[in-house]
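This is coords-v3.txt. It holds compact mmCIF, C-alpha atoms and all ligand atoms.
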```txt
# COMPACT_ATOMS: atom_id res chain seq x y z
CA MET A 465 -38.73 14.53 -22.88
CA ASP A 466 -41.08 11.58 -22.52
CA ASN A 467 -41.89 11.32 -18.84
CA GLN A 468 -43.66 7.97 -19.24
CA VAL A 469 -40.35 6.12 -19.23
CA MET A 470 -37.84 6.45 -16.44
CA PRO A 471 -35.10 8.85 -17.58
CA ARG A 472 -31.63 7.32 -17.46
CA GLU A 473 -29.52 8.51 -14.54
CA GLN A 474 -25.88 9.42 -15.14
CA LEU A 475 -24.18 6.28 -13.92
CA GLY A 476 -21.46 7.83 -11.78
CA ILE A 477 -23.97 9.29 -9.33
CA CYS A 478 -24.75 6.01 -7.57
CA ALA A 479 -21.75 3.90 -8.68
CA GLU A 480 -19.78 1.91 -6.13
CA GLY A 481 -16.33 3.14 -5.09
CA ASN A 482 -13.27 3.08 -7.38
CA LEU A 483 -9.50 3.19 -7.08
CA HIS A 484 -9.02 6.53 -8.88
CA SER A 485 -10.93 9.70 -9.71
CA ILE A 486 -10.48 12.93 -11.62
CA TYR A 487 -12.45 16.08 -10.83
CA LEU A 488 -12.64 18.83 -13.43
CA MET A 489 -14.23 22.20 -12.65
CA PHE A 490 -14.94 24.44 -15.61
CA ASN A 491 -16.22 27.96 -16.09
CA ALA A 492 -17.93 28.80 -19.37
CA ASN A 493 -16.80 31.58 -21.64
CA ASP A 494 -19.33 34.36 -22.28
CA GLY A 495 -22.10 33.89 -24.79
CA VAL A 496 -21.47 30.24 -25.65
CA GLU A 497 -24.65 28.72 -24.18
CA ASP A 498 -26.03 27.52 -27.51
CA GLN A 499 -22.84 25.63 -28.39
CA LEU A 500 -22.18 24.46 -24.86
CA ARG A 501 -25.47 22.61 -24.36
CA PRO A 502 -24.80 20.13 -27.20
CA SER A 503 -21.22 19.77 -25.92
CA ILE A 504 -22.44 18.93 -22.42
CA ALA A 505 -24.84 16.38 -23.96
CA SER A 506 -21.97 14.78 -25.93
CA VAL A 507 -19.71 14.59 -22.89
CA ALA A 508 -22.47 13.01 -20.76
CA GLN A 509 -23.23 10.51 -23.54
CA TYR A 510 -19.52 9.73 -24.00
CA ILE A 511 -19.13 9.02 -20.27
CA TYR A 512 -22.26 6.85 -20.36
CA GLU A 513 -20.92 4.79 -23.28
CA LEU A 514 -17.47 4.37 -21.73
CA THR A 515 -19.14 2.85 -18.69
CA ASP A 516 -19.92 -0.16 -20.92
CA GLN A 517 -16.68 -0.08 -22.88
CA TYR A 518 -14.51 -0.03 -19.74
CA ALA A 519 -16.83 -2.07 -17.54
CA ASP A 520 -13.87 -4.30 -16.59
CA SER A 521 -12.25 -1.30 -14.94
CA ALA A 522 -15.55 -0.05 -13.45
CA PHE A 523 -15.39 3.28 -15.31
CA ASN A 524 -18.19 5.73 -14.42
CA GLY A 525 -18.85 9.43 -14.13
CA PHE A 526 -21.28 12.32 -14.40
CA VAL A 527 -21.55 15.93 -15.51
CA ALA A 528 -23.20 18.45 -13.19
CA ILE A 529 -24.30 22.04 -13.79
CA GLY A 530 -23.49 24.81 -11.28
CA ALA A 531 -26.39 26.23 -9.27
CA ASN A 532 -25.53 29.82 -10.13
CA PHE A 533 -25.28 29.06 -13.82
CA TRP A 534 -28.23 26.77 -14.35
CA ASP A 535 -30.53 29.55 -15.59
CA THR A 536 -28.01 30.71 -18.18
CA TYR A 537 -27.76 27.25 -19.76
CA TYR A 538 -31.21 25.85 -19.24
CA PRO A 539 -33.57 28.82 -18.75
CA GLU A 540 -36.63 26.76 -19.71
CA ALA A 541 -36.90 24.98 -16.36
CA ARG A 542 -35.00 24.72 -13.09
CA PRO A 543 -34.73 21.84 -10.58
CA ALA A 544 -37.16 22.81 -7.83
CA LEU A 545 -34.67 22.93 -4.94
CA LEU A 546 -31.50 24.08 -6.70
CA LYS A 547 -29.73 26.86 -4.78
CA PRO A 548 -26.20 28.18 -4.29
CA PHE A 549 -23.82 26.51 -1.83
CA PRO A 550 -24.88 27.37 1.74
CA SER A 551 -21.70 29.08 2.96
CA MET A 552 -21.26 29.08 6.76
CA ASN A 553 -18.81 30.41 9.28
CA GLU A 554 -18.60 30.18 13.06
CA GLY A 555 -15.45 30.61 15.16
CA ASN A 556 -12.62 29.02 13.18
CA ARG A 557 -15.01 26.71 11.32
CA ASP A 558 -15.43 27.89 7.80
CA ALA A 559 -17.45 26.51 4.89
CA PRO A 560 -16.86 28.98 2.06
CA ALA A 561 -18.76 28.98 -1.22
CA ILE A 562 -16.69 28.76 -4.39
CA GLU A 563 -18.97 28.05 -7.31
CA TYR A 564 -18.14 26.68 -10.77
CA ASP A 565 -20.25 26.48 -13.92
CA LEU A 566 -19.59 22.81 -14.68
CA PHE A 567 -18.32 19.80 -12.77
CA VAL A 568 -17.10 16.66 -14.53
CA HIS A 569 -16.55 13.74 -12.16
CA ILE A 570 -14.97 10.59 -13.61
CA ARG A 571 -13.80 7.49 -11.77
CA CYS A 572 -12.17 4.23 -12.78
CA ASP A 573 -9.96 1.45 -11.44
CA ARG A 574 -7.36 2.28 -14.12
CA PHE A 575 -5.70 5.65 -13.91
CA ASP A 576 -4.43 5.59 -17.52
CA ILE A 577 -8.01 5.38 -18.81
CA LEU A 578 -9.08 8.26 -16.60
CA HIS A 579 -6.21 10.42 -17.79
CA LEU A 580 -7.08 9.71 -21.41
CA VAL A 581 -10.77 10.42 -20.92
CA ALA A 582 -10.12 13.64 -18.98
CA ASN A 583 -8.03 14.94 -21.87
CA GLU A 584 -10.68 13.90 -24.37
CA ILE A 585 -13.44 15.68 -22.42
CA ASN A 586 -11.35 18.83 -22.19
CA GLN A 587 -10.97 18.66 -25.99
CA MET A 588 -14.69 18.11 -26.50
CA PHE A 589 -15.44 21.38 -24.72
CA GLU A 590 -12.99 23.08 -27.11
CA ASP A 591 -12.87 26.83 -26.64
CA LEU A 592 -16.20 27.00 -24.85
CA VAL A 593 -14.93 26.70 -21.30
CA GLU A 594 -11.92 27.29 -19.10
CA LEU A 595 -10.63 24.51 -16.88
CA VAL A 596 -10.26 26.29 -13.53
CA GLU A 597 -9.69 23.40 -11.09
CA GLU A 598 -8.43 19.88 -11.48
CA GLU A 599 -7.90 17.33 -8.73
CA ARG A 600 -7.10 13.64 -8.69
CA GLY A 601 -8.46 11.33 -6.03
CA PHE A 602 -7.26 7.90 -4.98
CA ARG A 603 -8.29 5.04 -2.77
CA PHE A 604 -6.22 5.12 0.40
CA MET A 605 -5.64 1.77 2.12
CA ASP A 606 -8.95 -0.07 2.69
CA ASN A 607 -11.26 2.85 1.84
CA ARG A 608 -9.82 5.14 4.47
CA ASP A 609 -9.73 8.90 4.66
CA LEU A 610 -6.20 10.28 5.17
CA THR A 611 -7.01 10.62 8.89
CA GLY A 612 -6.77 6.79 8.86
CA PHE A 613 -10.50 6.21 9.47
CA VAL A 614 -12.62 4.13 7.10
CA ASP A 615 -14.90 6.51 5.19
CA GLY A 616 -18.20 5.49 3.61
CA THR A 617 -19.20 2.64 5.95
CA GLU A 618 -22.68 3.97 6.68
CA ASN A 619 -23.38 4.97 3.08
CA PRO A 620 -26.68 3.72 1.60
CA LYS A 621 -26.30 0.30 -0.01
CA GLY A 622 -27.72 -1.50 -3.05
CA ARG A 623 -30.85 0.01 -4.57
CA HIS A 624 -31.21 2.29 -1.55
CA ARG A 625 -28.41 4.37 -3.12
CA GLN A 626 -30.80 5.37 -5.92
CA GLN A 627 -33.62 6.07 -3.47
CA VAL A 628 -31.39 8.45 -1.50
CA ALA A 629 -29.54 10.09 -4.38
CA LEU A 630 -32.04 10.50 -7.22
CA VAL A 631 -34.97 12.88 -7.65
CA ALA A 632 -38.19 10.89 -8.09
CA GLU A 633 -41.83 11.85 -8.72
CA GLU A 634 -41.62 15.02 -6.60
CA ASP A 635 -40.05 16.90 -9.54
CA PRO A 636 -41.06 14.97 -12.71
CA GLU A 637 -39.04 17.00 -15.20
CA PHE A 638 -35.85 16.38 -13.21
CA LYS A 639 -36.47 12.75 -12.34
CA SER A 640 -33.24 10.67 -12.05
CA GLY A 641 -31.18 13.81 -11.49
CA SER A 642 -29.27 14.56 -8.28
CA TYR A 643 -28.27 17.52 -6.14
CA ILE A 644 -24.48 17.50 -5.79
CA HIS A 645 -22.35 19.30 -3.18
CA VAL A 646 -18.57 19.33 -3.36
CA GLN A 647 -16.15 20.54 -0.69
CA LYS A 648 -12.42 20.24 -0.98
CA TYR A 649 -11.04 19.74 2.52
CA ALA A 650 -7.33 20.20 3.30
CA HIS A 651 -6.34 18.23 6.38
CA ASN A 652 -3.83 19.32 9.01
CA LEU A 653 -2.38 15.83 9.34
CA SER A 654 0.57 16.71 11.53
CA LYS A 655 -1.86 18.17 14.10
CA TRP A 656 -4.15 15.12 13.71
CA HIS A 657 -1.36 12.57 14.13
CA ARG A 658 -0.23 14.25 17.35
CA LEU A 659 -3.55 13.16 18.92
CA PRO A 660 -3.64 9.82 20.75
CA VAL A 661 -5.76 7.27 18.82
CA LYS A 662 -8.47 7.27 21.51
CA LYS A 663 -8.90 11.05 21.12
CA GLN A 664 -9.14 10.62 17.32
CA GLU A 665 -11.78 7.93 17.81
CA ASP A 666 -13.78 10.19 20.14
CA ILE A 667 -13.73 12.85 17.43
CA ILE A 668 -15.04 10.50 14.75
CA GLY A 669 -17.32 8.39 16.97
CA ARG A 670 -15.96 5.07 15.63
CA THR A 671 -12.89 2.95 16.35
CA LYS A 672 -9.93 3.48 14.04
CA GLN A 673 -8.53 0.05 13.26
CA ASP A 674 -11.75 -1.98 13.16
CA ASP A 675 -14.22 0.79 12.20
CA ILE A 676 -16.73 -0.10 14.92
CA GLU A 677 -19.39 2.48 15.74
CA TYR A 678 -19.39 3.73 19.35
CA GLU A 679 -22.37 2.75 21.49
CA SER A 680 -24.88 5.59 21.45
CA GLU A 681 -24.24 6.56 25.09
CA ASP A 682 -20.45 6.68 24.47
CA LYS A 683 -20.63 8.99 21.43
CA PRO A 684 -19.48 12.49 22.35
CA LEU A 685 -21.94 15.19 21.22
CA THR A 686 -19.00 16.78 19.41
CA SER A 687 -18.15 13.63 17.40
CA HIS A 688 -18.53 13.75 13.63
CA ILE A 689 -20.96 10.84 13.57
CA LYS A 690 -23.17 12.43 16.22
CA ARG A 691 -23.28 15.75 14.39
CA VAL A 692 -24.22 14.31 10.97
CA ASN A 693 -26.61 11.56 12.06
CA LEU A 694 -29.82 13.58 11.85
CA LYS A 695 -33.54 12.80 11.83
CA ASP A 696 -36.28 14.79 10.09
CA ALA A 697 -39.50 16.03 11.71
CA ASN A 698 -41.09 12.57 11.24
CA GLY A 699 -38.19 10.80 12.93
CA ALA A 700 -36.80 9.38 9.66
CA SER A 701 -33.02 9.35 9.07
CA MET A 702 -31.80 12.15 6.82
CA GLU A 703 -29.43 10.50 4.36
CA ILE A 704 -26.99 11.48 1.65
CA LEU A 705 -24.87 9.33 -0.66
CA ARG A 706 -21.19 10.19 -0.17
CA GLN A 707 -18.79 9.69 -3.08
CA SER A 708 -15.77 11.28 -1.35
CA MET A 709 -12.14 10.26 -1.99
CA PRO A 710 -8.76 11.35 -0.64
CA TYR A 711 -6.82 13.66 -2.96
CA GLY A 712 -3.60 15.59 -3.05
CA SER A 713 0.14 15.61 -2.70
CA VAL A 714 2.58 15.88 0.17
CA LYS A 715 2.13 19.66 0.12
CA GLU A 716 -1.66 19.72 0.33
CA GLN A 717 -3.91 16.75 0.91
CA GLY A 718 -7.29 15.90 2.29
CA LEU A 719 -10.74 14.77 1.25
CA MET A 720 -12.75 15.69 -1.84
CA PHE A 721 -16.10 15.49 -0.09
CA ILE A 722 -18.93 14.79 -2.53
CA SER A 723 -22.56 14.42 -1.55
CA SER A 724 -25.36 13.44 -3.88
CA CYS A 725 -28.97 13.47 -2.82
CA LYS A 726 -32.56 13.86 -4.06
CA THR A 727 -32.74 17.05 -1.99
CA PRO A 728 -30.05 19.61 -1.12
CA ASP A 729 -31.53 20.04 2.37
CA ASN A 730 -29.95 16.97 4.00
CA PHE A 731 -26.41 18.08 3.20
CA GLU A 732 -27.17 21.61 4.35
CA GLN A 733 -28.64 20.45 7.69
CA MET A 734 -25.63 18.18 8.32
CA LEU A 735 -23.13 20.92 7.54
CA ARG A 736 -25.08 23.31 9.76
CA SER A 737 -24.91 20.79 12.59
CA MET A 738 -21.14 20.36 12.08
CA ILE A 739 -20.33 24.08 11.96
CA TYR A 740 -22.95 25.71 14.20
CA GLY A 741 -23.55 22.67 16.43
CA ASP A 742 -26.65 21.66 18.35
CA GLY A 743 -27.42 25.00 20.01
CA HIS A 744 -25.57 23.92 23.17
CA GLY A 745 -22.03 24.56 21.97
CA ASN A 746 -21.49 21.06 20.56
CA HIS A 747 -20.01 21.49 17.10
CA ASP A 748 -17.98 18.96 15.10
CA HIS A 749 -14.44 18.67 16.52
CA LEU A 750 -13.20 17.10 13.28
CA MET A 751 -13.30 20.64 11.88
CA GLN A 752 -10.31 21.57 14.09
CA PHE A 753 -8.17 19.32 11.93
CA THR A 754 -9.36 20.12 8.43
CA LYS A 755 -10.32 23.20 6.48
CA ALA A 756 -12.83 23.48 3.63
CA LEU A 757 -11.13 25.32 0.78
CA THR A 758 -14.13 25.23 -1.57
CA GLY A 759 -17.87 24.64 -1.49
CA SER A 760 -19.92 24.23 -4.66
CA SER A 761 -23.49 23.33 -5.48
CA PHE A 762 -24.53 21.55 -8.68
CA PHE A 763 -27.35 19.57 -10.23
CA ALA A 764 -26.53 16.44 -12.25
CA PRO A 765 -29.58 15.98 -14.52
CA SER A 766 -30.56 12.67 -16.07
CA LEU A 767 -28.76 11.72 -19.29
CA ASP A 768 -32.08 12.07 -21.13
CA PHE A 769 -32.58 15.62 -19.91
CA LEU A 770 -29.13 16.63 -21.22
CA MET A 771 -29.63 14.73 -24.50
CA GLN A 772 -32.53 17.01 -25.46
CA TRP A 773 -29.84 19.37 -26.75
CA ASP A 774 -27.78 16.73 -28.54
CA GLU A 775 -27.04 17.65 -32.14
C1 LIG A 801 -19.44 9.44 8.32
C2 LIG A 801 -15.07 11.40 7.61
C3 LIG A 801 -17.14 15.50 6.07
C4 LIG A 801 -21.48 13.41 6.43
C5 LIG A 801 -18.07 9.64 8.31
C6 LIG A 801 -17.10 8.69 8.79
C7 LIG A 801 -15.87 9.24 8.58
C8 LIG A 801 -16.08 10.53 7.98
C9 LIG A 801 -14.52 8.63 8.90
C10 LIG A 801 -17.40 7.34 9.45
C11 LIG A 801 -17.55 6.19 8.50
C12 LIG A 801 -18.74 6.27 7.59
O1 LIG A 801 -19.87 5.93 7.96
O2 LIG A 801 -18.55 6.71 6.47
C13 LIG A 801 -15.26 12.68 7.13
C14 LIG A 801 -14.20 13.60 6.82
C15 LIG A 801 -14.79 14.76 6.39
C16 LIG A 801 -16.22 14.55 6.43
C17 LIG A 801 -12.71 13.29 6.97
C18 LIG A 801 -14.19 16.05 5.95
C19 LIG A 801 -12.96 16.36 6.07
C20 LIG A 801 -18.50 15.30 6.07
C21 LIG A 801 -19.46 16.28 5.66
C22 LIG A 801 -20.70 15.70 5.78
C23 LIG A 801 -20.49 14.34 6.24
C24 LIG A 801 -19.13 17.70 5.18
C25 LIG A 801 -22.07 16.26 5.47
C26 LIG A 801 -22.34 17.56 5.45
C27 LIG A 801 -21.29 12.14 6.93
C28 LIG A 801 -22.37 11.19 7.14
C29 LIG A 801 -21.78 10.05 7.72
C30 LIG A 801 -20.37 10.33 7.81
C31 LIG A 801 -23.84 11.38 6.82
C32 LIG A 801 -22.51 8.76 8.15
C33 LIG A 801 -23.00 8.96 9.56
C34 LIG A 801 -23.70 7.73 10.10
O3 LIG A 801 -24.83 7.47 9.68
O4 LIG A 801 -23.12 7.06 10.97
N1 LIG A 801 -17.44 10.75 7.83
N2 LIG A 801 -16.47 13.28 6.87
N3 LIG A 801 -19.15 14.14 6.41
N4 LIG A 801 -20.10 11.59 7.34
FE1 LIG A 801 -18.29 12.46 7.17
```
Just dump the structure as C-alpha cells.
Amino acid sequence: MDNQVMPREQLGICAEGNLHSIYLMFNANDGVEDQLRPSIASVAQYIYELTDQYADSAFNGFVAIGANFWDTYYPEARPALLKPFPSMNEGNRDAPAIEYDLFVHIRCDRFDILHLVANEINQMFEDLVELVEEERGFRFMDNRDLTGFVDGTENPKGRHRQQVALVAEEDPEFKSGSYIHVQKYAHNLSKWHRLPVKKQEDIIGRTKQDDIEYESEDKPLTSHIKRVNLKDANGASMEILRQSMPYGSVKEQGLMFISSCKTPDNFEQMLRSMIYGDGHGNHDHLMQFTKALTGSSFFAPSLDFLMQWDE
C-alpha cells in the first residue's frame, strides 16, 4: 500500500448517528482464509460505494476483524495494539469476553435498505462464514438509551471524531484504521424504572429530561460520568468515539455499546474504572441495572488496507 497518500477510512467508523442499525457477527469456516480476504475486501468496498448511492438516507458502515483471528487472516502484519477483549469481573459486575472473527456494522435512516444490504452481505460471504449473532438497533426518542437518558452528548464532534477514532502516524501501516470494542448490554428496566428520577440522575451524573451535566462537586464518585471521565498521565482527557444504539425486543433489550478509538487503552481504562472502581470502593452504579452479555475486540482497517486483497 502506498503510504504517501492518506488511506481511506471505512466511513461508518466516524459517521454521525442514524435511525437504524444492523450488527452481524460472523465466524469463519476452517481453511478459507485465501477466499475470505477478497470477500472481506468486496464487502468493505460495497459498503463504501453504498454510502454514496444511499447518501440521502445517510447509509454507512464498516467491517472489522476479530482480535483473536487477525493473525489467521492477515499474518503479514498486525495492528500494534490489537489484543483480545479485556474481560473483567468484580462482585456482580461482569464484563465477559465473547469474541467473533468478523463484525459487519451497517447503519442507515431507512430500515428497508439496511435489511436488503445485510442479506446481500451475507450472500457475498457465501459458504465461507457462519452468521453467529445478529442484532438490530434503533434510535429511541431523541437519541436516548432505553434508561431514558440521552446517550452520546459528550461524544467528540466534527473533525475531532477522526482524531479520536483513527490510527494516525504512530502505526503507519494501519493508518485510518480503528480499534473497535463491542458489548451487548441487557438492561433490567423494571428495576431501573422503580428508582426515583433523582436516584437515576445521580447514577448517570446528568439530569434526565434536559440532559444537563451535574456540577463537578455534585457528581457522585459512583456515577457513570465520573467513572468514565478519565485523564491520562499528562492530564489530557482520554476519549473514545461511541457509536452505541438501543437494540432488542420486549423480552430482551438494552444497549449495543460500540467504542472506536485510535488506541484500545482508553476503552479498557474506562471499563476498569466502571467495574473495579477507583480503589476506594467507588464503582459504576449503572452496572447494577444492566448486564454485559458479550465483549468483543476488533480492528477496522482502512478500506485501502483491505483492498490489497481485492480480486
Ligand atoms: C456517557 C450511558 C456504557 C463510556 C454516557 C451517558 C450516558 C451513558 C447516558 C451521558 C451522555 C453522554 O455524554 O453520552 C451508558 C449506558 C451504558 C454505557 C446505558 C451501558 C449499558 C459505557 C461504557 C463505556 C462508556 C462500557 C466505556 C468503557 C462513556 C463515556 C461517556 C459516557 C466516555 C462520556 C463521559 C463524559 O465525558 O462526560 N454513557 N453508557 N459508557 N459513557 Fe456511557
In the coordinates of the file, take the point (-34.2, 3.6, -3.2) and a cut-off of 12 Å; then, counting all atoms listed in the file, name each qualifying protein, DNA or RNA residue as a PDB file with C-alpha atoms, in the coordinates of the input.
```pdb
ATOM      1  CA  CYS A 478     -24.750   6.010  -7.570  1.00  0.00           C
ATOM      2  CA  PRO A 620     -26.680   3.720   1.600  1.00  0.00           C
ATOM      3  CA  LYS A 621     -26.300   0.300  -0.010  1.00  0.00           C
ATOM      4  CA  GLY A 622     -27.720  -1.500  -3.050  1.00  0.00           C
ATOM      5  CA  ARG A 623     -30.850   0.010  -4.570  1.00  0.00           C
ATOM      6  CA  HIS A 624     -31.210   2.290  -1.550  1.00  0.00           C
ATOM      7  CA  ARG A 625     -28.410   4.370  -3.120  1.00  0.00           C
ATOM      8  CA  GLN A 626     -30.800   5.370  -5.920  1.00  0.00           C
ATOM      9  CA  GLN A 627     -33.620   6.070  -3.470  1.00  0.00           C
ATOM     10  CA  VAL A 628     -31.390   8.450  -1.500  1.00  0.00           C
ATOM     11  CA  ALA A 629     -29.540  10.090  -4.380  1.00  0.00           C
ATOM     12  CA  LEU A 630     -32.040  10.500  -7.220  1.00  0.00           C
ATOM     13  CA  VAL A 631     -34.970  12.880  -7.650  1.00  0.00           C
ATOM     14  CA  ALA A 632     -38.190  10.890  -8.090  1.00  0.00           C
ATOM     15  CA  SER A 640     -33.240  10.670 -12.050  1.00  0.00           C
ATOM     16  CA  GLU A 703     -29.430  10.500   4.360  1.00  0.00           C
ATOM     17  CA  ILE A 704     -26.990  11.480   1.650  1.00  0.00           C
ATOM     18  CA  LEU A 705     -24.870   9.330  -0.660  1.00  0.00           C
ATOM     19  CA  CYS A 725     -28.970  13.470  -2.820  1.00  0.00           C
ATOM     20  CA  LYS A 726     -32.560  13.860  -4.060  1.00  0.00           C
TER      21      LYS A 726
END
```
Here's a test: counting only C-alpha atoms, identify every protein, DNA and RNA residue with an atom at most 12 Å from (-13.5, 7.2, 14.8) in the file's coordinate frame, and state them as a PyMOL selection string. chain A and resi 608-609+611-615+617+660-679+682-684+686-690+749-750
Near range 731-742 of chain A, within 9 Å and counting all atoms listed in the file, which residues show up once chain neighbours fewer than 2 positions away are dropped, as number ranges by chain? A: 549-550, 552-555, 557-559, 645, 685-686, 688, 691-694, 702-704, 723-725, 727-729, 744-751
Please provide the set of residues having any atom within 8 Å of Asn532 in chain A, restricted to all atoms listed in the file, with same-chain residues fewer than 5 positions apart removed, written as a VMD selection string. chain A and resid 547 to 548 563 565
My list of candidates is A:Glu594, A:Glu775, A:Glu599, A:Glu637. Which is closest to Gln499 in chain A when distances are computed with all atoms listed in the file? A:Glu775
Residues within 8 Å of Ser521 in chain A, please, as an MDAnalysis selection string. Count all atoms listed in the file; anything in the same chain fewer than 6 positions from it doesn't count. chainID A and resid 572:574
Write the selection just made, keeping C-alpha atoms, as a PDB file, in the frame of the given file?
```pdb
ATOM      1  CA  CYS A 572     -12.170   4.230 -12.780  1.00  0.00           C
ATOM      2  CA  ASP A 573      -9.960   1.450 -11.440  1.00  0.00           C
ATOM      3  CA  ARG A 574      -7.360   2.280 -14.120  1.00  0.00           C
TER       4      ARG A 574
END
```
Name the closest residue to Gln707 in chain A among the candidates A:Lys695, A:Arg603, A:Arg658, A:Lys639; distances are taken between atoms, counting all atoms listed in the file. A:Arg603
